[in-house]
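Pasting target.cif here (mmCIF, C-alpha atoms):
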```cif
data_input
#
loop_
_atom_site.group_PDB
_atom_site.id
_atom_site.type_symbol
_atom_site.label_atom_id
_atom_site.label_comp_id
_atom_site.auth_asym_id
_atom_site.auth_seq_id
_atom_site.Cartn_x
_atom_site.Cartn_y
_atom_site.Cartn_z
ATOM 1 C CA GLN A 340 19.264 4.612 6.275
ATOM 2 C CA VAL A 341 15.789 4.148 4.871
ATOM 3 C CA GLN A 342 14.051 1.044 6.076
ATOM 4 C CA PHE A 343 10.603 -0.434 5.642
ATOM 5 C CA VAL A 344 9.071 -3.220 7.650
ATOM 6 C CA GLU A 345 5.947 -4.586 6.038
ATOM 7 C CA SER A 346 3.832 -7.069 7.902
ATOM 8 C CA GLY A 347 0.342 -8.440 8.235
ATOM 9 C CA GLY A 348 0.230 -10.658 5.189
ATOM 10 C CA GLY A 349 -0.690 -14.296 5.364
ATOM 11 C CA LEU A 350 -2.993 -17.057 4.273
ATOM 12 C CA VAL A 351 -6.686 -16.257 4.469
ATOM 13 C CA GLN A 352 -9.917 -17.703 3.158
ATOM 14 C CA PRO A 353 -12.109 -15.838 0.682
ATOM 15 C CA GLY A 354 -14.251 -13.339 2.500
ATOM 16 C CA GLY A 355 -11.667 -12.834 5.216
ATOM 17 C CA SER A 356 -9.770 -9.694 6.156
ATOM 18 C CA LEU A 357 -6.199 -8.624 6.631
ATOM 19 C CA ARG A 358 -4.514 -5.524 7.969
ATOM 20 C CA LEU A 359 -1.178 -4.804 6.367
ATOM 21 C CA SER A 360 1.312 -2.523 8.078
ATOM 22 C CA CYS A 361 4.200 -0.555 6.660
ATOM 23 C CA ALA A 362 6.536 0.799 9.321
ATOM 24 C CA VAL A 363 9.237 3.131 8.069
ATOM 25 C CA SER A 364 12.417 4.647 9.438
ATOM 26 C CA GLY A 365 15.215 6.770 8.082
ATOM 27 C CA PHE A 366 12.929 9.512 6.821
ATOM 28 C CA THR A 367 10.075 11.594 8.164
ATOM 29 C CA LEU A 368 6.887 9.870 7.166
ATOM 30 C CA LYS A 369 4.645 12.922 7.424
ATOM 31 C CA TYR A 370 6.389 14.516 4.447
ATOM 32 C CA TYR A 371 5.754 11.551 2.171
ATOM 33 C CA ALA A 372 2.762 10.157 0.403
ATOM 34 C CA ILE A 373 2.466 6.394 0.727
ATOM 35 C CA GLY A 374 1.161 3.978 -1.827
ATOM 36 C CA TRP A 375 0.467 0.273 -1.795
ATOM 37 C CA PHE A 376 1.108 -1.779 -4.890
ATOM 38 C CA ARG A 377 0.745 -5.486 -5.465
ATOM 39 C CA GLN A 378 2.282 -8.002 -7.783
ATOM 40 C CA ALA A 379 0.769 -11.358 -8.614
ATOM 41 C CA PRO A 380 2.877 -14.118 -10.188
ATOM 42 C CA GLY A 381 3.577 -13.414 -13.833
ATOM 43 C CA LEU A 382 2.003 -9.983 -13.741
ATOM 44 C CA GLU A 383 3.232 -6.424 -13.492
ATOM 45 C CA ARG A 384 3.211 -4.629 -10.182
ATOM 46 C CA GLU A 385 -0.022 -2.675 -10.019
ATOM 47 C CA TRP A 386 -1.084 0.288 -7.956
ATOM 48 C CA VAL A 387 -3.730 -0.417 -5.310
ATOM 49 C CA VAL A 388 -4.159 2.637 -3.104
ATOM 50 C CA CYS A 389 -2.358 5.730 -1.850
ATOM 51 C CA ILE A 390 -2.650 8.368 0.838
ATOM 52 C CA SER A 391 -1.323 11.889 0.547
ATOM 53 C CA SER A 392 1.140 13.511 2.920
ATOM 54 C CA SER A 393 -0.666 16.835 3.123
ATOM 55 C CA ASP A 394 -4.311 16.311 3.948
ATOM 56 C CA GLY A 395 -4.599 12.530 4.076
ATOM 57 C CA SER A 396 -6.538 12.299 0.841
ATOM 58 C CA THR A 397 -6.935 8.722 -0.312
ATOM 59 C CA TYR A 398 -7.282 7.122 -3.708
ATOM 60 C CA TYR A 399 -8.269 3.536 -4.418
ATOM 61 C CA ALA A 400 -8.090 1.265 -7.408
ATOM 62 C CA ASP A 401 -11.474 -0.032 -8.518
ATOM 63 C CA SER A 402 -10.352 -3.570 -7.651
ATOM 64 C CA VAL A 403 -10.276 -2.783 -3.911
ATOM 65 C CA LYS A 404 -12.499 0.240 -3.655
ATOM 66 C CA ASP A 405 -15.303 -0.052 -1.070
ATOM 67 C CA ARG A 406 -13.626 -2.947 0.740
ATOM 68 C CA SER A 407 -10.309 -1.475 1.783
ATOM 69 C CA THR A 408 -9.060 1.419 3.880
ATOM 70 C CA ILE A 409 -5.651 3.031 3.971
ATOM 71 C CA SER A 410 -4.638 5.078 6.994
ATOM 72 C CA ARG A 411 -1.505 6.565 8.450
ATOM 73 C CA ASP A 412 -0.171 7.270 11.906
ATOM 74 C CA ASN A 413 2.701 9.698 11.520
ATOM 75 C CA THR A 414 3.510 9.483 15.228
ATOM 76 C CA LYS A 415 4.263 5.790 14.755
ATOM 77 C CA ASN A 416 5.760 6.197 11.281
ATOM 78 C CA THR A 417 3.349 3.564 10.078
ATOM 79 C CA VAL A 418 0.804 3.216 7.311
ATOM 80 C CA TYR A 419 -1.937 0.615 7.368
ATOM 81 C CA LEU A 420 -4.006 -1.074 4.704
ATOM 82 C CA GLN A 421 -7.129 -2.896 5.783
ATOM 83 C CA ILE A 422 -8.642 -5.164 3.132
ATOM 84 C CA ASN A 423 -11.961 -6.859 3.712
ATOM 85 C CA SER A 424 -13.940 -9.382 1.689
ATOM 86 C CA LEU A 425 -10.737 -10.800 0.286
ATOM 87 C CA LYS A 426 -10.905 -12.631 -3.024
ATOM 88 C CA PRO A 427 -8.544 -15.166 -4.610
ATOM 89 C CA GLU A 428 -7.589 -12.489 -7.142
ATOM 90 C CA ASP A 429 -6.193 -10.406 -4.288
ATOM 91 C CA THR A 430 -3.400 -12.956 -3.964
ATOM 92 C CA ALA A 431 -0.112 -11.118 -4.502
ATOM 93 C CA ILE A 432 2.911 -9.670 -2.831
ATOM 94 C CA TYR A 433 1.941 -6.289 -1.434
ATOM 95 C CA TYR A 434 4.522 -3.514 -1.419
ATOM 96 C CA CYS A 435 4.423 -0.087 0.142
ATOM 97 C CA GLY A 436 6.242 2.813 -1.422
ATOM 98 C CA ALA A 437 7.006 6.335 -0.270
ATOM 99 C CA ALA A 438 6.839 9.353 -2.554
ATOM 100 C CA SER A 439 8.163 12.819 -1.772
ATOM 101 C CA SER A 440 6.181 14.415 -4.571
ATOM 102 C CA LEU A 441 2.920 12.836 -5.594
ATOM 103 C CA THR A 442 0.122 14.366 -7.627
ATOM 104 C CA VAL A 443 -3.209 13.215 -8.940
ATOM 105 C CA TYR A 444 -1.449 12.710 -12.267
ATOM 106 C CA ASN A 445 1.320 10.377 -11.131
ATOM 107 C CA PHE A 446 0.226 8.449 -8.043
ATOM 108 C CA ARG A 447 -0.455 5.277 -10.043
ATOM 109 C CA SER A 448 3.063 5.155 -11.446
ATOM 110 C CA ARG A 449 5.772 3.091 -9.772
ATOM 111 C CA ALA A 450 8.354 5.595 -10.969
ATOM 112 C CA SER A 451 6.811 8.270 -8.741
ATOM 113 C CA TYR A 452 7.878 6.488 -5.550
ATOM 114 C CA ASN A 453 11.311 7.074 -4.045
ATOM 115 C CA TYR A 454 11.511 4.184 -1.605
ATOM 116 C CA TRP A 455 10.069 0.681 -1.471
ATOM 117 C CA GLY A 456 9.534 -1.985 1.115
ATOM 118 C CA GLN A 457 10.379 -5.647 0.657
ATOM 119 C CA GLY A 458 6.772 -6.760 0.361
ATOM 120 C CA THR A 459 4.437 -9.010 2.287
ATOM 121 C CA GLN A 460 2.689 -12.038 0.796
ATOM 122 C CA VAL A 461 -1.094 -12.220 0.794
ATOM 123 C CA THR A 462 -2.634 -15.520 -0.265
ATOM 124 C CA VAL A 463 -6.380 -15.942 -0.496
ATOM 125 C CA THR A 464 -7.456 -19.533 -0.938
ATOM 126 C CA PRO A 465 -10.307 -21.754 0.245
#
```

Translate the structure of the given file into structure tokens.
Amino acid sequence: QVQFVESGGGLVQPGGSLRLSCAVSGFTLKYYAIGWFRQAPGLEREWVVCISSSDGSTYYADSVKDRSTISRDNTKNTVYLQINSLKPEDTAIYYCGAASSLTVYNFRSRASYNYWGQGTQVTVTP
């Protein structure tokens, strides 16, 4: 049974940092690329960042580029997303997804991901 446990979200002031975690079970993480998406109220879920399964290549959306880092620890079946210099516009529910076949042409698409976590809320407010 595939399971995700996302954690690390919370309430933070602008300029603060958070480290989100996505712990998975029920499948072998090292064979899957992992992406983080986020969804703000009233908006579509948008791609934020992903990390490949093969060589650990990473790709970032412009909105978080240069202030976030995705990493993975396959021995712990966990992927992390560190976001620094948080802004109010970062407020959203953050979801991690696992993809068995991800390419540079499809990693931004929700449809490319096989499994999803339940999400963790990030709220950035003064």

*asked:* Under the PyMOL selection byres ((chain A and resi 437) around 6), which residues of this model are included? Write them out as a VMD selection string.
replied: chain A and resid 371 to 373 436 438 452 to 454

_Under the PyMOL selection byres ((chain A and resi 433) around 12), which residues of this model are included? Write them out as a ChimeraX atom specification._
/A:344-349,357-361,374-380,384-388,419-420,422,429-432,434-436,455-462

_Residue IDs satisfying the PyMOL selection byres ((chain A and resi 394-399) around 12), as a ChimeraX atom specification_ = /A:369-376,385-393,400-413,418,420,422,441-447

Go ahead and save the residues from that selection, with C-alpha atoms, as a compact mmCIF listing (two decimals), in the frame of the given file.
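And here's again_19.txt as it stands now:
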```
# COMPACT_ATOMS: atom_id res chain seq x y z
CA LYS A 369 4.64 12.92 7.42
CA TYR A 370 6.39 14.52 4.45
CA TYR A 371 5.75 11.55 2.17
CA ALA A 372 2.76 10.16 0.40
CA ILE A 373 2.47 6.39 0.73
CA GLY A 374 1.16 3.98 -1.83
CA TRP A 375 0.47 0.27 -1.80
CA PHE A 376 1.11 -1.78 -4.89
CA GLU A 385 -0.02 -2.68 -10.02
CA TRP A 386 -1.08 0.29 -7.96
CA VAL A 387 -3.73 -0.42 -5.31
CA VAL A 388 -4.16 2.64 -3.10
CA CYS A 389 -2.36 5.73 -1.85
CA ILE A 390 -2.65 8.37 0.84
CA SER A 391 -1.32 11.89 0.55
CA SER A 392 1.14 13.51 2.92
CA SER A 393 -0.67 16.84 3.12
CA ALA A 400 -8.09 1.26 -7.41
CA ASP A 401 -11.47 -0.03 -8.52
CA SER A 402 -10.35 -3.57 -7.65
CA VAL A 403 -10.28 -2.78 -3.91
CA LYS A 404 -12.50 0.24 -3.66
CA ASP A 405 -15.30 -0.05 -1.07
CA ARG A 406 -13.63 -2.95 0.74
CA SER A 407 -10.31 -1.48 1.78
CA THR A 408 -9.06 1.42 3.88
CA ILE A 409 -5.65 3.03 3.97
CA SER A 410 -4.64 5.08 6.99
CA ARG A 411 -1.50 6.56 8.45
CA ASP A 412 -0.17 7.27 11.91
CA ASN A 413 2.70 9.70 11.52
CA VAL A 418 0.80 3.22 7.31
CA LEU A 420 -4.01 -1.07 4.70
CA ILE A 422 -8.64 -5.16 3.13
CA LEU A 441 2.92 12.84 -5.59
CA THR A 442 0.12 14.37 -7.63
CA VAL A 443 -3.21 13.22 -8.94
CA TYR A 444 -1.45 12.71 -12.27
CA ASN A 445 1.32 10.38 -11.13
CA PHE A 446 0.23 8.45 -8.04
CA ARG A 447 -0.46 5.28 -10.04
```

*asked:* So, with all atoms listed in the file as the atoms that count, which of A:Leu368, A:Ser440, A:Lys426, A:Lys415 lies closest to A:Pro465?
replied: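 The answer is A:Lys426, which sits nearest to A:Pro465.
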
*Atomic distance atom CA of A:Thr414 - atom CA of A:Phe366, expressed in Å with one decimal*: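 Spanning atom CA of A:Thr414 to atom CA of A:Phe366 is a straight-line distance of 12.6 Å.
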
*What is the distance between atom CA of A:Ala362 and atom CA of A:Gly381, in Å to one decimal?*
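Spanning atom CA of A:Ala362 to atom CA of A:Gly381 is a straight-line distance of 27.3 Å.
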
*Find the spatial neighbours of A:Val363, counting all atoms listed in the file, within a cut-off of 8 Å - ignore same-chain residues fewer than 4 positions away - and output them as a list in words.*
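Near neighbours after the sequence-gap exclusion: Val341, Gln342, Phe343, Val344, Leu368, Asn416 and Thr417 of chain A.
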
*What does the distance from atom CA of A:Thr464 to atom CA of A:Leu382 come to in Å, to one decimal?*
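We find that atom CA of A:Thr464 and atom CA of A:Leu382 lie 18.6 Å from each other.
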
Calculate, to one decimal in Å, the centre and edge lengths of the box along x, y and z of the file that holds all listed atoms of stretch 381-396 of chain A with 8 Å of margin on each side, and present them as AutoDock Vina command-line options.
```
--center_x -1.5 --center_y 1.7 --center_z -4.9 --size_x 26.1 --size_y 46.2 --size_z 33.9
```

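Proximity to A:Ser356 was assessed for A:Ser448, A:Gln340, A:Ser439, A:Gln421 counting all atoms listed in the file; the smallest distance is recorded for A:Gln421.
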
*Counting all atoms listed in the file, which of A:Ala450, A:Gln352, A:Thr367, A:Glu383 gets nearest to A:Pro427?*
A:Gln352
